[in-house]
Structures are given as C-alpha cells and as structure tokens.
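One file, start.tsv, is given below (TSV, C-alpha atoms).
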```tsv
chain	number	residue	atom	x	y	z
N	1	MET	CA	0.00	0.00	0.00
N	2	THR	CA	1.25	3.47	-0.82
N	3	MET	CA	0.62	6.57	1.25
N	4	HIS	CA	-2.59	8.50	0.59
N	5	ILE	CA	-5.06	10.83	2.30
N	6	GLU	CA	-8.57	9.57	2.92
N	7	GLN	CA	-11.65	11.72	3.34
N	8	ASP	CA	-14.71	10.80	5.39
N	9	ARG	CA	-17.15	12.06	2.76
N	10	ASP	CA	-20.22	11.37	4.86
N	11	ALA	CA	-19.00	13.52	7.73
N	12	CYS	CA	-17.23	16.22	5.67
N	13	ARG	CA	-19.09	19.55	5.63
N	14	GLY	CA	-17.46	20.76	2.41
N	15	CYS	CA	-15.75	23.82	3.88
N	16	ALA	CA	-12.61	23.23	1.73
N	17	VAL	CA	-10.32	24.62	4.44
N	18	CYS	CA	-8.01	21.73	3.52
N	19	VAL	CA	-7.45	23.15	0.03
N	20	ALA	CA	-7.10	26.70	1.35
N	21	ALA	CA	-4.37	25.57	3.76
N	22	CYS	CA	-2.58	23.77	0.94
N	23	ARG	CA	-2.81	26.80	-1.34
N	24	LYS	CA	-1.51	29.12	1.38
N	25	GLN	CA	1.52	26.94	2.07
N	26	HIS	CA	2.39	26.40	-1.61
N	27	GLY	CA	2.58	29.99	-2.80
N	28	GLY	CA	-1.01	30.25	-4.02
N	29	VAL	CA	-1.05	26.89	-5.82
N	30	ALA	CA	-3.33	24.22	-4.38
N	31	MET	CA	-1.86	20.76	-4.79
N	32	SER	CA	-5.30	19.28	-4.17
N	33	THR	CA	-8.85	20.27	-5.09
N	34	PHE	CA	-12.28	20.05	-3.56
N	35	HIS	CA	-15.36	19.39	-5.68
N	36	LYS	CA	-18.22	20.89	-3.69
N	37	SER	CA	-20.88	19.46	-6.01
N	38	ILE	CA	-19.92	15.92	-4.98
N	39	ASN	CA	-18.35	16.80	-1.61
N	40	GLU	CA	-15.04	15.20	-2.53
N	41	PHE	CA	-11.46	16.08	-1.66
N	42	ILE	CA	-9.24	15.16	-4.61
N	43	ASN	CA	-5.53	14.57	-4.14
N	44	CYS	CA	-2.98	11.95	-5.10
N	45	THR	CA	-4.16	8.50	-4.11
N	46	ALA	CA	-0.94	6.85	-5.27
N	47	CYS	CA	-3.02	4.47	-7.36
N	48	LYS	CA	-1.90	0.92	-8.04
N	49	ASP	CA	-0.83	1.43	-11.66
N	50	LEU	CA	1.15	4.64	-10.92
N	51	SER	CA	0.53	5.81	-14.47
N	52	CYS	CA	2.10	9.21	-13.78
N	53	ILE	CA	5.43	7.54	-12.98
N	54	ARG	CA	5.16	4.95	-15.72
N	55	VAL	CA	4.73	7.52	-18.51
N	56	CYS	CA	7.34	10.05	-17.36
N	57	PRO	CA	10.17	9.92	-19.91
N	58	THR	CA	12.81	11.54	-17.67
N	59	GLY	CA	12.09	9.99	-14.29
N	60	ALA	CA	11.12	13.40	-12.91
N	61	MET	CA	7.96	11.80	-11.57
N	62	HIS	CA	9.19	9.11	-9.21
N	63	MET	CA	8.28	7.27	-6.02
N	64	HIS	CA	9.53	8.96	-2.86
N	65	PHE	CA	10.95	6.55	-0.29
N	66	MET	CA	7.92	7.32	1.90
N	67	GLY	CA	5.58	5.84	-0.71
N	68	VAL	CA	4.12	8.75	-2.67
N	69	PRO	CA	4.77	9.88	-6.24
N	70	VAL	CA	6.67	13.18	-6.32
N	71	VAL	CA	8.04	15.47	-9.04
N	72	ASP	CA	11.64	16.61	-9.37
N	73	ALA	CA	11.11	20.00	-11.00
N	74	ASP	CA	14.72	20.10	-12.21
N	75	GLU	CA	14.15	16.91	-14.22
N	76	CYS	CA	10.65	17.76	-15.53
N	77	ILE	CA	10.62	18.70	-19.22
N	78	GLY	CA	6.98	19.81	-19.23
N	79	CYS	CA	5.72	17.12	-21.61
N	80	LYS	CA	2.38	16.79	-19.73
N	81	LYS	CA	2.37	13.00	-19.98
N	82	CYS	CA	1.80	12.62	-16.24
N	83	VAL	CA	-1.02	15.17	-16.36
N	84	ASN	CA	-2.76	13.25	-19.14
N	85	ALA	CA	-2.14	9.84	-17.55
N	86	CYS	CA	-3.54	10.58	-14.07
N	87	ARG	CA	-7.10	9.29	-13.66
N	88	ASN	CA	-7.70	11.76	-10.79
N	89	HIS	CA	-6.28	14.76	-12.70
N	90	VAL	CA	-3.89	15.52	-9.85
N	91	PRO	CA	-0.70	16.72	-11.61
N	92	GLN	CA	-0.98	20.29	-12.88
N	93	MET	CA	1.26	22.35	-15.10
N	94	ILE	CA	2.63	25.49	-13.45
N	95	ASP	CA	5.23	27.58	-15.28
N	96	GLY	CA	5.87	24.72	-17.72
N	97	LYS	CA	6.55	22.12	-15.02
N	98	ALA	CA	4.41	19.41	-13.47
N	99	VAL	CA	3.42	19.89	-9.84
N	100	LYS	CA	1.28	17.64	-7.63
N	101	CYS	CA	0.39	16.79	-4.08
N	102	ASP	CA	3.34	15.16	-2.33
N	103	MET	CA	1.43	14.68	0.92
N	104	CYS	CA	3.85	17.11	2.53
N	105	VAL	CA	6.55	14.47	2.89
N	106	ASP	CA	9.04	17.13	4.02
N	107	ARG	CA	6.66	18.16	6.82
N	108	GLN	CA	6.14	14.55	7.81
N	109	LEU	CA	9.89	14.05	8.06
N	110	GLN	CA	9.89	16.97	10.52
N	111	GLY	CA	7.25	15.22	12.62
N	112	LYS	CA	4.31	17.30	11.33
N	113	ALA	CA	1.08	16.31	9.62
N	114	PRO	CA	0.32	17.38	6.01
N	115	TYR	CA	-1.18	20.88	5.80
N	116	CYS	CA	-4.59	19.66	4.63
N	117	VAL	CA	-4.88	17.04	7.38
N	118	LYS	CA	-3.82	19.53	10.05
N	119	ALA	CA	-6.24	22.19	8.75
N	120	CYS	CA	-9.26	19.88	8.95
N	121	ARG	CA	-10.27	20.60	12.54
N	122	ARG	CA	-13.10	18.07	12.38
N	123	GLY	CA	-10.70	15.23	11.50
N	124	ARG	CA	-12.41	14.35	8.21
N	125	LEU	CA	-9.08	13.80	6.47
N	126	ARG	CA	-6.58	11.20	7.59
N	127	LEU	CA	-3.21	10.11	6.35
N	128	VAL	CA	-2.97	6.41	5.53
N	129	ASP	CA	0.41	4.61	5.58
N	130	GLY	CA	2.31	7.76	6.46
N	131	ILE	CA	4.12	8.85	9.61
N	132	PHE	CA	0.88	10.19	11.13
N	133	SER	CA	-1.34	7.25	10.16
N	134	LYS	CA	-3.89	6.16	12.71
```
Would you kindly transcribe this structure into structure tokens?
Amino acid sequence: MTMHIEQDRDACRGCAVCVAACRKQHGGVAMSTFHKSINEFINCTACKDLSCIRVCPTGAMHMHFMGVPVVDADECIGCKKCVNACRNHVPQMIDGKAVKCDMCVDRQLQGKAPYCVKACRRGRLRLVDGIFSK
C-alpha cells in the first residue's frame, strides 16, 4: 500500500479549508482540489498502476521513499504526460513544469502532519500509511 489521504465524505461539511491551507503553504497553488458538487477532496491516491510515474520519460515523476509519487522540478521537461495519464487529474502544469500533491513528505519528516490534514479541525481527512497514520 502506498501513502494516501482519505476523506470521510459522509462527515465532511465541504468547507474546503483543507485546500485553502494547501494553497496558502504552496505559494497560491493548491496541490489538491475540492469538488463541492460531490463533496469530494481530490488529491494523489498513489493508485496501483502509478501511471504518472510509468509515462514520465525523464524519471522526474518518481516514487519517494515514503511511498508517494513526487516530481523533481529540475528533471521535468513539461511534456504533460503525467497530467494526461492521471485518472484523478492531480498533476498540474505550473510555469511549464508538473506539480502535484506530495502529501507534505518534508513536513512529515519533521514530525508534522500534512497541511490539509492539520487544517481539517473536524478530522475528516486522515493520512494512511504515512508517519501520522492512525
């Protein structure tokens, strides 16, 4: 199993504070989205086929040792293959480079929860198979 963030959709109120926290911490770019019409938090689920990694011609999209696909911006050539391959439409193109949710692995390595999980005061998001998994 790879690391991912789960949402309790039945209990979620749809406030989207999770996405706002992400956007604030990433210079105005949200690495996840929230679809209010279906009350769903969308971020990288590190799916089984890892199509984003499989199609990347340079290896810029790769598996972090903590179990989540991440992008090395220095290696990304902006081909958009990962963007087109992702069934959840998670990778985005910003300034000609792919960016995506990395589940705040750097924060986790510092002993902190991902921004979106921390921001959800009602506990409707939870990290699975990460440092802060319950």
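Of the listed residues (N:Cys116, N:Cys76, N:Arg107, N:Cys52), N:Cys52 comes nearest to Asn88 of chain N; the distances count all atoms listed in the file.
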Item checked: Test item: residues at most 12 Å from segment 64-66 of chain N, all atoms listed in the file, excluding those fewer than 2 positions along its chain, as an NGL selection string -> :N and (1-4 or 46 or 53 or 59-62 or 68-72 or 102-109 or 128-132)
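The space separating atom CA of Ala98 of chain N from atom CA of Cys79 of chain N comes to 8.6 Å.
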Margin query: If we count all atoms listed in the file and set the cut-off at 12 Å, which residues sit around segment 118-120 of chain N, ignoring sequence neighbours fewer than 3 positions away in its own chain? Please answer as an MDAnalysis selection string.
Written below: chainID N and resid 5:8 11:25 41 103:104 107:108 112:115 123:127 132
What are the centre and the three edge lengths of an axis-aligned box that wraps all atoms of segment 91-108 of chain N in the file, given that 8 Å is added to every side, written as lines of an AutoDock Vina configuration file and rounded to one decimal in Å?
```
center_x = 4.0
center_y = 21.0
center_z = -5.0
size_x = 26.0
size_y = 29.1
size_z = 41.5
```
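Minimum atom-to-atom distances from N:Pro57, N:Gly67, N:Gly111, N:Gly27 to Lys80 of chain N were compared using all atoms listed in the file, and the lowest value belongs to N:Pro57.
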